[in-house]
Structures are given as structure tokens and as C-alpha cells.
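This report concerns only the one structure given below.
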Amino acid sequence: MIAIVDYGVGNIFSLYSSFRHIGADARLSSDSGEIRRADKIVLPGVGAFGDAARKLRNSGLADVVTEEAERGKPLLGICLGMQLLFEKSFEYGEHKGLGLIPGCVVSMEPVVPEGYKVPHIGWNALHFPKDRPKSPIFRDVREGDFVYFVHTYYGTDCSEAVIATTEYGPELTAAVSAGSVYGLQFHPEKSGETGMKILKAFCDMEG
């Protein structure tokens with residue numbers, strides 16, 4: 001069973017529907033016991049980092065997610081959920097993350113060229129590092145396949161964890177991993193067939 005952590009941040013029904021579409025036994029859950037019993041965990045999120053981090057901690061689920069990930073259970077963070085995996089974010093101040101991925105989250109505004117709209121909203125190609133094997137979460141995804149992004153902030157100081165990038169002016173972090181922890185800056189549930197392939201690959205992972 002896949003537990004999609006419901007901590008009051010964002011509309012997560014489309015993500016739930018995508019997992020059900022590919023035949024996964026996925027459940028929206030705010031119950032710590034159910035999340036601990038799950039085979040895999042998905043951490044979604046939209047909105048501001050500080051607010052989401054506070055809600056996750058106040059719900060009591062931050063420790064559950066962290067502890068289960070440290071035990072080796074596959075964890076997938078999506079969009080803001082990916083950013084929460086980092087050590088900290090500088091979105092409207094400095095906020096502590098879960099610390100499962102080394103690095104921090106910063107605004108793309110200082111680095112994108114003039115004329116590029118921020119937030120970055122739309123379809124962009126994925127590129128995989130040439131100096132390491134392709135991550136298993138991208139087993140069925142080709143170099144240059146397009147996925148759908150909606151974000152203003154991105155992960156940095158995380159080169160060892162980067163498993164995919166995208167170009168929006170400069171090269172930006174699109175996906176990260178550390179052990180059984182995975183993070184996607186884009187929305188697989190809004191990324192058509194490519195997104196479904198990524199979710200299916202996550203479903204097939206063993207803890």
C-alpha cells in the first residue's frame with residue numbers, strides 16, 4: 001500500500017487518482033499508524049515552504065515520514081514535498097526541512113535571465129547526469145522527455161543527490177535522490193504518459 005500523506009497542504013486528489021489509474025493501492029492518510037504500515041510513502045505539497053513545514057510538524061507526521069525513510073522505506077516527495085526533503089529553505093525567511101536530502105532551497109529569480117517568467121510554469125525537458133547511471137525512478141523515461149513544472153524555488157548545493165535537471169535559462173534541479181528517498185520538482189500527475197511511467201516505477205520499487 002502507498003500512503004499519500006495528507007497534512008492539509010494542497011489539493012492531492014489528482015495525485016491519488018493518478019496512482020489509482022495505474023493500479024496502485026494508494027490511500028490518502030493523516031494517520032501515523034497507517035503511514036508506518038504502508039509499503040511506500042508519498043509526500044505531496046503546494047504553497048509556501050514555511051507554512052507546509054509547520055503544518056507537517058504540527059500534524060506529528062514529520063517525524064513519522066523521517067523515521068520511515070531512515071529505515072529504508074521508499075519515499076517520494078513531489079513539488080513542495082520534494083523541497084521539504086532538503087535541510088532548509090530560504091523562502092520568506094529561513095525554514096528547517098526534513099534533512100533527508102543535503103542542500104537547500106532558494107529562489108530562481110536571481111539566476112534566470114531577463115524575460116523568463118517566474119514562477120516557472122509549463123513543460124520542460126528532463127536531462128540526466130552523464131557521469132552516473134540513470135535513476136531507477138526514470139527507468140522508462142528518455143532523455144529529453146517533457147514534464148510539467150510549477151515553481152519559483154529550486155534545490156541547490158545538492159550535486160551528489162541530483163538525478164535529473166531541466167533548463168530554464170540556467171540548469172535547475174528537477175529531481176533528487178538519496179538512498180530510498182526520491183524528490184521530483186515537477187508534477188508527475190500532470191505530466192501525461194511520462195508522469196505515469198515515473199509513478200509506476202516508484203510503485204515497483206522494493207523497500
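By order in the C-alpha cells, chains are A, B, ...; within a chain, residues start at 1; ligands start at 1, following the order shown.
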
Just want the 10 Å neighbourhood of stretch 181-183 of chain A, counted on only C-alpha atoms, with same-chain residues fewer than 5 positions away dropped. Output as a PDB file with all heavy atoms, in the first residue's frame.
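Saved as result-v2.pdb:
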```pdb
ATOM      1  N   ILE A  41       5.734   5.690   0.838  1.00  0.00           N
ATOM      2  CA  ILE A  41       5.131   6.946   1.274  1.00  0.00           C
ATOM      3  C   ILE A  41       5.330   8.002   0.192  1.00  0.00           C
ATOM      4  O   ILE A  41       6.410   8.102  -0.406  1.00  0.00           O
ATOM      5  CB  ILE A  41       5.768   7.439   2.589  1.00  0.00           C
ATOM      6  CG1 ILE A  41       5.568   6.401   3.699  1.00  0.00           C
ATOM      7  CG2 ILE A  41       5.191   8.789   3.007  1.00  0.00           C
ATOM      8  CD1 ILE A  41       6.337   6.729   4.977  1.00  0.00           C
ATOM      9  N   VAL A  42       4.293   8.799  -0.038  1.00  0.00           N
ATOM     10  CA  VAL A  42       4.383   9.940  -0.952  1.00  0.00           C
ATOM     11  C   VAL A  42       4.095  11.209  -0.159  1.00  0.00           C
ATOM     12  O   VAL A  42       3.092  11.284   0.573  1.00  0.00           O
ATOM     13  CB  VAL A  42       3.391   9.811  -2.122  1.00  0.00           C
ATOM     14  CG1 VAL A  42       3.448  11.049  -3.011  1.00  0.00           C
ATOM     15  CG2 VAL A  42       3.702   8.563  -2.940  1.00  0.00           C
ATOM     16  N   LEU A  43       4.985  12.196  -0.281  1.00  0.00           N
ATOM     17  CA  LEU A  43       4.830  13.474   0.405  1.00  0.00           C
ATOM     18  C   LEU A  43       4.547  14.548  -0.647  1.00  0.00           C
ATOM     19  O   LEU A  43       5.460  15.005  -1.328  1.00  0.00           O
ATOM     20  CB  LEU A  43       6.096  13.813   1.193  1.00  0.00           C
ATOM     21  CG  LEU A  43       6.055  15.112   2.001  1.00  0.00           C
ATOM     22  CD1 LEU A  43       5.004  15.035   3.114  1.00  0.00           C
ATOM     23  CD2 LEU A  43       7.437  15.421   2.587  1.00  0.00           C
ATOM     24  N   PRO A  44       3.289  14.956  -0.801  1.00  0.00           N
ATOM     25  CA  PRO A  44       2.957  15.998  -1.769  1.00  0.00           C
ATOM     26  C   PRO A  44       3.098  17.373  -1.133  1.00  0.00           C
ATOM     27  O   PRO A  44       3.550  17.503   0.012  1.00  0.00           O
ATOM     28  CB  PRO A  44       1.492  15.686  -2.099  1.00  0.00           C
ATOM     29  CG  PRO A  44       0.959  15.133  -0.812  1.00  0.00           C
ATOM     30  CD  PRO A  44       2.107  14.427  -0.121  1.00  0.00           C
ATOM     31  N   THR A  66      10.118  10.996   8.400  1.00  0.00           N
ATOM     32  CA  THR A  66      11.579  10.939   8.524  1.00  0.00           C
ATOM     33  C   THR A  66      12.044   9.580   9.020  1.00  0.00           C
ATOM     34  O   THR A  66      12.978   8.981   8.467  1.00  0.00           O
ATOM     35  CB  THR A  66      12.068  12.046   9.464  1.00  0.00           C
ATOM     36  OG1 THR A  66      11.650  13.314   8.963  1.00  0.00           O
ATOM     37  CG2 THR A  66      13.582  12.026   9.563  1.00  0.00           C
ATOM     38  N   ALA A  69      11.567   6.851   6.380  1.00  0.00           N
ATOM     39  CA  ALA A  69      12.551   6.995   5.302  1.00  0.00           C
ATOM     40  C   ALA A  69      13.925   6.519   5.760  1.00  0.00           C
ATOM     41  O   ALA A  69      14.649   5.842   5.010  1.00  0.00           O
ATOM     42  CB  ALA A  69      12.616   8.449   4.845  1.00  0.00           C
ATOM     43  N   GLU A  70      14.296   6.844   6.985  1.00  0.00           N
ATOM     44  CA  GLU A  70      15.604   6.433   7.506  1.00  0.00           C
ATOM     45  C   GLU A  70      15.689   4.928   7.710  1.00  0.00           C
ATOM     46  O   GLU A  70      16.786   4.364   7.742  1.00  0.00           O
ATOM     47  CB  GLU A  70      15.893   7.185   8.806  1.00  0.00           C
ATOM     48  CG  GLU A  70      16.179   8.674   8.570  1.00  0.00           C
ATOM     49  CD  GLU A  70      16.350   9.461   9.843  1.00  0.00           C
ATOM     50  OE1 GLU A  70      15.933   8.946  10.923  1.00  0.00           O
ATOM     51  OE2 GLU A  70      16.882  10.590   9.776  1.00  0.00           O
ATOM     52  N   GLY A  72      14.601   2.966   5.481  1.00  0.00           N
ATOM     53  CA  GLY A  72      14.759   2.440   4.131  1.00  0.00           C
ATOM     54  C   GLY A  72      13.477   2.300   3.348  1.00  0.00           C
ATOM     55  O   GLY A  72      13.487   1.767   2.227  1.00  0.00           O
ATOM     56  N   LYS A  73      12.369   2.774   3.901  1.00  0.00           N
ATOM     57  CA  LYS A  73      11.103   2.709   3.169  1.00  0.00           C
ATOM     58  C   LYS A  73      11.123   3.729   2.030  1.00  0.00           C
ATOM     59  O   LYS A  73      11.499   4.883   2.237  1.00  0.00           O
ATOM     60  CB  LYS A  73       9.936   3.002   4.111  1.00  0.00           C
ATOM     61  CG  LYS A  73       8.558   2.896   3.453  1.00  0.00           C
ATOM     62  CD  LYS A  73       7.445   3.094   4.471  1.00  0.00           C
ATOM     63  CE  LYS A  73       7.403   1.941   5.470  1.00  0.00           C
ATOM     64  NZ  LYS A  73       6.272   2.072   6.424  1.00  0.00           N
ATOM     65  N   PRO A  74      10.744   3.338   0.801  1.00  0.00           N
ATOM     66  CA  PRO A  74      10.730   4.292  -0.311  1.00  0.00           C
ATOM     67  C   PRO A  74       9.821   5.487  -0.022  1.00  0.00           C
ATOM     68  O   PRO A  74       8.670   5.323   0.391  1.00  0.00           O
ATOM     69  CB  PRO A  74      10.201   3.454  -1.480  1.00  0.00           C
ATOM     70  CG  PRO A  74      10.596   2.056  -1.146  1.00  0.00           C
ATOM     71  CD  PRO A  74      10.438   1.968   0.347  1.00  0.00           C
ATOM     72  N   LEU A  75      10.361   6.673  -0.226  1.00  0.00           N
ATOM     73  CA  LEU A  75       9.650   7.933  -0.007  1.00  0.00           C
ATOM     74  C   LEU A  75       9.789   8.791  -1.248  1.00  0.00           C
ATOM     75  O   LEU A  75      10.896   8.958  -1.771  1.00  0.00           O
ATOM     76  CB  LEU A  75      10.235   8.663   1.204  1.00  0.00           C
ATOM     77  CG  LEU A  75       9.818  10.127   1.408  1.00  0.00           C
ATOM     78  CD1 LEU A  75       8.323  10.230   1.712  1.00  0.00           C
ATOM     79  CD2 LEU A  75      10.626  10.760   2.535  1.00  0.00           C
ATOM     80  N   LEU A  76       8.674   9.345  -1.707  1.00  0.00           N
ATOM     81  CA  LEU A  76       8.668  10.211  -2.889  1.00  0.00           C
ATOM     82  C   LEU A  76       8.075  11.557  -2.519  1.00  0.00           C
ATOM     83  O   LEU A  76       6.907  11.661  -2.154  1.00  0.00           O
ATOM     84  CB  LEU A  76       7.847   9.573  -4.015  1.00  0.00           C
ATOM     85  CG  LEU A  76       7.661  10.420  -5.282  1.00  0.00           C
ATOM     86  CD1 LEU A  76       9.005  10.716  -5.944  1.00  0.00           C
ATOM     87  CD2 LEU A  76       6.711   9.721  -6.255  1.00  0.00           C
ATOM     88  N   GLY A  77       8.890  12.620  -2.608  1.00  0.00           N
ATOM     89  CA  GLY A  77       8.410  13.981  -2.407  1.00  0.00           C
ATOM     90  C   GLY A  77       8.132  14.632  -3.751  1.00  0.00           C
ATOM     91  O   GLY A  77       8.941  14.514  -4.682  1.00  0.00           O
ATOM     92  N   ILE A  78       6.999  15.308  -3.857  1.00  0.00           N
ATOM     93  CA  ILE A  78       6.584  15.904  -5.126  1.00  0.00           C
ATOM     94  C   ILE A  78       6.374  17.401  -4.959  1.00  0.00           C
ATOM     95  O   ILE A  78       5.660  17.840  -4.056  1.00  0.00           O
ATOM     96  CB  ILE A  78       5.307  15.234  -5.650  1.00  0.00           C
ATOM     97  CG1 ILE A  78       5.575  13.766  -5.995  1.00  0.00           C
ATOM     98  CG2 ILE A  78       4.751  15.979  -6.864  1.00  0.00           C
ATOM     99  CD1 ILE A  78       4.339  12.987  -6.406  1.00  0.00           C
ATOM    100  N   CYS A  79       7.000  18.184  -5.835  1.00  0.00           N
ATOM    101  CA  CYS A  79       6.915  19.646  -5.873  1.00  0.00           C
ATOM    102  C   CYS A  79       7.357  20.216  -4.520  1.00  0.00           C
ATOM    103  O   CYS A  79       8.503  20.035  -4.125  1.00  0.00           O
ATOM    104  CB  CYS A  79       5.516  20.099  -6.274  1.00  0.00           C
ATOM    105  SG  CYS A  79       5.458  21.846  -6.757  1.00  0.00           S
ATOM    106  N   LEU A  80       6.481  20.875  -3.775  1.00  0.00           N
ATOM    107  CA  LEU A  80       6.879  21.368  -2.461  1.00  0.00           C
ATOM    108  C   LEU A  80       7.273  20.221  -1.544  1.00  0.00           C
ATOM    109  O   LEU A  80       8.150  20.369  -0.684  1.00  0.00           O
ATOM    110  CB  LEU A  80       5.736  22.175  -1.843  1.00  0.00           C
ATOM    111  CG  LEU A  80       5.967  22.731  -0.438  1.00  0.00           C
ATOM    112  CD1 LEU A  80       7.187  23.639  -0.395  1.00  0.00           C
ATOM    113  CD2 LEU A  80       4.728  23.466   0.055  1.00  0.00           C
ATOM    114  N   GLY A  81       6.668  19.055  -1.743  1.00  0.00           N
ATOM    115  CA  GLY A  81       7.049  17.873  -0.980  1.00  0.00           C
ATOM    116  C   GLY A  81       8.501  17.500  -1.189  1.00  0.00           C
ATOM    117  O   GLY A  81       9.188  17.041  -0.273  1.00  0.00           O
ATOM    118  N   MET A  82       8.997  17.692  -2.420  1.00  0.00           N
ATOM    119  CA  MET A  82      10.428  17.478  -2.684  1.00  0.00           C
ATOM    120  C   MET A  82      11.264  18.500  -1.911  1.00  0.00           C
ATOM    121  O   MET A  82      12.265  18.155  -1.275  1.00  0.00           O
ATOM    122  CB  MET A  82      10.723  17.619  -4.167  1.00  0.00           C
ATOM    123  CG  MET A  82      12.221  17.746  -4.472  1.00  0.00           C
ATOM    124  SD  MET A  82      12.540  18.270  -6.166  1.00  0.00           S
ATOM    125  CE  MET A  82      14.173  19.000  -5.986  1.00  0.00           C
ATOM    126  N   GLN A  83      10.851  19.757  -1.940  1.00  0.00           N
ATOM    127  CA  GLN A  83      11.628  20.795  -1.268  1.00  0.00           C
ATOM    128  C   GLN A  83      11.704  20.562   0.243  1.00  0.00           C
ATOM    129  O   GLN A  83      12.719  20.842   0.875  1.00  0.00           O
ATOM    130  CB  GLN A  83      11.026  22.162  -1.584  1.00  0.00           C
ATOM    131  CG  GLN A  83      11.125  22.525  -3.062  1.00  0.00           C
ATOM    132  CD  GLN A  83      10.505  23.872  -3.388  1.00  0.00           C
ATOM    133  OE1 GLN A  83      10.068  24.600  -2.503  1.00  0.00           O
ATOM    134  NE2 GLN A  83      10.455  24.203  -4.667  1.00  0.00           N
ATOM    135  N   LEU A  84      10.645  20.012   0.816  1.00  0.00           N
ATOM    136  CA  LEU A  84      10.638  19.725   2.246  1.00  0.00           C
ATOM    137  C   LEU A  84      11.669  18.669   2.635  1.00  0.00           C
ATOM    138  O   LEU A  84      12.066  18.582   3.800  1.00  0.00           O
ATOM    139  CB  LEU A  84       9.246  19.268   2.687  1.00  0.00           C
ATOM    140  CG  LEU A  84       8.162  20.341   2.705  1.00  0.00           C
ATOM    141  CD1 LEU A  84       6.787  19.695   2.894  1.00  0.00           C
ATOM    142  CD2 LEU A  84       8.420  21.377   3.795  1.00  0.00           C
ATOM    143  N   LEU A  85      12.124  17.882   1.667  1.00  0.00           N
ATOM    144  CA  LEU A  85      13.127  16.860   1.949  1.00  0.00           C
ATOM    145  C   LEU A  85      14.496  17.467   2.242  1.00  0.00           C
ATOM    146  O   LEU A  85      15.338  16.825   2.871  1.00  0.00           O
ATOM    147  CB  LEU A  85      13.261  15.900   0.758  1.00  0.00           C
ATOM    148  CG  LEU A  85      11.998  15.157   0.314  1.00  0.00           C
ATOM    149  CD1 LEU A  85      12.306  14.320  -0.923  1.00  0.00           C
ATOM    150  CD2 LEU A  85      11.465  14.276   1.440  1.00  0.00           C
ATOM    151  N   PHE A  86      14.721  18.707   1.801  1.00  0.00           N
ATOM    152  CA  PHE A  86      16.024  19.346   1.960  1.00  0.00           C
ATOM    153  C   PHE A  86      16.265  19.802   3.401  1.00  0.00           C
ATOM    154  O   PHE A  86      15.360  19.769   4.240  1.00  0.00           O
ATOM    155  CB  PHE A  86      16.132  20.532   1.008  1.00  0.00           C
ATOM    156  CG  PHE A  86      16.428  20.151  -0.415  1.00  0.00           C
ATOM    157  CD1 PHE A  86      15.429  19.699  -1.259  1.00  0.00           C
ATOM    158  CD2 PHE A  86      17.719  20.226  -0.915  1.00  0.00           C
ATOM    159  CE1 PHE A  86      15.695  19.340  -2.565  1.00  0.00           C
ATOM    160  CE2 PHE A  86      18.009  19.877  -2.223  1.00  0.00           C
ATOM    161  CZ  PHE A  86      16.994  19.422  -3.053  1.00  0.00           C
ATOM    162  N   LEU A 100      16.507  15.093   4.749  1.00  0.00           N
ATOM    163  CA  LEU A 100      16.737  13.791   4.107  1.00  0.00           C
ATOM    164  C   LEU A 100      17.552  13.907   2.826  1.00  0.00           C
ATOM    165  O   LEU A 100      18.097  12.916   2.340  1.00  0.00           O
ATOM    166  CB  LEU A 100      15.393  13.117   3.815  1.00  0.00           C
ATOM    167  CG  LEU A 100      14.568  12.741   5.057  1.00  0.00           C
ATOM    168  CD1 LEU A 100      13.169  12.324   4.657  1.00  0.00           C
ATOM    169  CD2 LEU A 100      15.263  11.628   5.828  1.00  0.00           C
ATOM    170  N   ILE A 101      17.613  15.110   2.271  1.00  0.00           N
ATOM    171  CA  ILE A 101      18.432  15.401   1.095  1.00  0.00           C
ATOM    172  C   ILE A 101      19.385  16.538   1.464  1.00  0.00           C
ATOM    173  O   ILE A 101      18.934  17.572   1.981  1.00  0.00           O
ATOM    174  CB  ILE A 101      17.562  15.825  -0.112  1.00  0.00           C
ATOM    175  CG1 ILE A 101      16.617  14.691  -0.537  1.00  0.00           C
ATOM    176  CG2 ILE A 101      18.437  16.268  -1.287  1.00  0.00           C
ATOM    177  CD1 ILE A 101      17.287  13.519  -1.213  1.00  0.00           C
ATOM    178  N   SER A 135      18.695   6.950 -12.696  1.00  0.00           N
ATOM    179  CA  SER A 135      17.976   6.503 -11.503  1.00  0.00           C
ATOM    180  C   SER A 135      16.856   5.537 -11.881  1.00  0.00           C
ATOM    181  O   SER A 135      16.203   5.705 -12.920  1.00  0.00           O
ATOM    182  CB  SER A 135      17.373   7.717 -10.785  1.00  0.00           C
ATOM    183  OG  SER A 135      16.486   7.307  -9.761  1.00  0.00           O
ATOM    184  N   ILE A 137      13.945   5.380 -10.838  1.00  0.00           N
ATOM    185  CA  ILE A 137      12.636   6.018 -10.953  1.00  0.00           C
ATOM    186  C   ILE A 137      12.398   6.530 -12.377  1.00  0.00           C
ATOM    187  O   ILE A 137      11.257   6.763 -12.788  1.00  0.00           O
ATOM    188  CB  ILE A 137      12.473   7.148  -9.916  1.00  0.00           C
ATOM    189  CG1 ILE A 137      10.979   7.407  -9.659  1.00  0.00           C
ATOM    190  CG2 ILE A 137      13.191   8.426 -10.338  1.00  0.00           C
ATOM    191  CD1 ILE A 137      10.687   8.248  -8.441  1.00  0.00           C
ATOM    192  N   ALA A 161      23.142  14.523  -5.053  1.00  0.00           N
ATOM    193  CA  ALA A 161      21.795  13.949  -4.997  1.00  0.00           C
ATOM    194  C   ALA A 161      21.012  14.131  -6.294  1.00  0.00           C
ATOM    195  O   ALA A 161      19.969  13.505  -6.480  1.00  0.00           O
ATOM    196  CB  ALA A 161      21.008  14.571  -3.844  1.00  0.00           C
ATOM    197  N   VAL A 162      21.501  14.967  -7.205  1.00  0.00           N
ATOM    198  CA  VAL A 162      20.735  15.298  -8.413  1.00  0.00           C
ATOM    199  C   VAL A 162      20.670  14.102  -9.364  1.00  0.00           C
ATOM    200  O   VAL A 162      21.691  13.531  -9.735  1.00  0.00           O
ATOM    201  CB  VAL A 162      21.348  16.514  -9.127  1.00  0.00           C
ATOM    202  CG1 VAL A 162      20.660  16.736 -10.486  1.00  0.00           C
ATOM    203  CG2 VAL A 162      21.211  17.766  -8.275  1.00  0.00           C
ATOM    204  N   ILE A 163      19.456  13.723  -9.756  1.00  0.00           N
ATOM    205  CA  ILE A 163      19.264  12.627 -10.711  1.00  0.00           C
ATOM    206  C   ILE A 163      18.624  13.106 -12.008  1.00  0.00           C
ATOM    207  O   ILE A 163      18.532  12.352 -12.972  1.00  0.00           O
ATOM    208  CB  ILE A 163      18.424  11.484 -10.107  1.00  0.00           C
ATOM    209  CG1 ILE A 163      17.081  11.991  -9.592  1.00  0.00           C
ATOM    210  CG2 ILE A 163      19.216  10.800  -8.990  1.00  0.00           C
ATOM    211  CD1 ILE A 163      16.139  10.893  -9.118  1.00  0.00           C
ATOM    212  N   ALA A 174      15.816  19.205 -11.163  1.00  0.00           N
ATOM    213  CA  ALA A 174      14.469  18.703 -11.451  1.00  0.00           C
ATOM    214  C   ALA A 174      14.105  17.515 -10.588  1.00  0.00           C
ATOM    215  O   ALA A 174      12.925  17.269 -10.326  1.00  0.00           O
ATOM    216  CB  ALA A 174      14.344  18.321 -12.923  1.00  0.00           C
ATOM    217  N   ALA A 175      15.105  16.742 -10.145  1.00  0.00           N
ATOM    218  CA  ALA A 175      14.831  15.564  -9.315  1.00  0.00           C
ATOM    219  C   ALA A 175      16.086  15.207  -8.534  1.00  0.00           C
ATOM    220  O   ALA A 175      17.210  15.416  -8.996  1.00  0.00           O
ATOM    221  CB  ALA A 175      14.383  14.386 -10.168  1.00  0.00           C
ATOM    222  N   VAL A 176      15.871  14.636  -7.340  1.00  0.00           N
ATOM    223  CA  VAL A 176      16.975  14.253  -6.461  1.00  0.00           C
ATOM    224  C   VAL A 176      16.686  12.894  -5.846  1.00  0.00           C
ATOM    225  O   VAL A 176      15.537  12.426  -5.825  1.00  0.00           O
ATOM    226  CB  VAL A 176      17.179  15.290  -5.325  1.00  0.00           C
ATOM    227  CG1 VAL A 176      17.692  16.614  -5.877  1.00  0.00           C
ATOM    228  CG2 VAL A 176      15.878  15.499  -4.534  1.00  0.00           C
ATOM    229  N   PHE A 202       8.095   4.063  -9.354  1.00  0.00           N
ATOM    230  CA  PHE A 202       8.145   4.183  -7.901  1.00  0.00           C
ATOM    231  C   PHE A 202       7.342   3.069  -7.241  1.00  0.00           C
ATOM    232  O   PHE A 202       7.787   2.471  -6.239  1.00  0.00           O
ATOM    233  CB  PHE A 202       7.610   5.555  -7.471  1.00  0.00           C
ATOM    234  CG  PHE A 202       7.572   5.736  -5.978  1.00  0.00           C
ATOM    235  CD1 PHE A 202       8.742   5.882  -5.248  1.00  0.00           C
ATOM    236  CD2 PHE A 202       6.364   5.752  -5.297  1.00  0.00           C
ATOM    237  CE1 PHE A 202       8.714   6.043  -3.869  1.00  0.00           C
ATOM    238  CE2 PHE A 202       6.318   5.903  -3.925  1.00  0.00           C
ATOM    239  CZ  PHE A 202       7.495   6.061  -3.204  1.00  0.00           C
TER     240      PHE A 202
END
```

Excluding same-chain residues fewer than 5 positions from A:Phe90, what lies within 7 Å of it counting only C-alpha atoms, as a VMD selection string? chain A and resid 95 105 to 106

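Proximity to A:Gly10 was assessed for A:Pro136, A:Gly23, A:Gly144, A:Gly47 counting only C-alpha atoms; the smallest distance is recorded for A:Gly47.
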
Could you pull out the strand (DSSP E or B) residues of stretch 14-80 of chain A from DSSP and send them as a ChimeraX atom specification? /A:26-29,40-43,75-78

With only C-alpha atoms as the atoms that count, which of A:Ala164, A:Leu172, A:Ile22, A:Ala48 lies nearest to A:Lys134?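 Under the stated criterion, the closest residue is A:Ala164.
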
With a cut-off of 10 Å, could you pull out the residues of stretch 28-97 of chain A touching stretch 107-128 of chain A and give me the nearest pair of atoms for each, distance in Å to one decimal, using only C-alpha atoms, ordered by chain and ascending number, as CSV?
```
residue,atom,partner,partner_atom,distance
A:Ser89,CA,A:Ser107,CA,9.2
A:Phe90,CA,A:Ser107,CA,7.6
A:Glu91,CA,A:Ser107,CA,7.1
A:Tyr92,CA,A:Ser107,CA,9.8
```

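With distances taken over only C-alpha atoms, A:Ser18 is the one residue among A:Thr152, A:Ser18, A:Thr165, A:Asn11 lying closest to A:Lys197.
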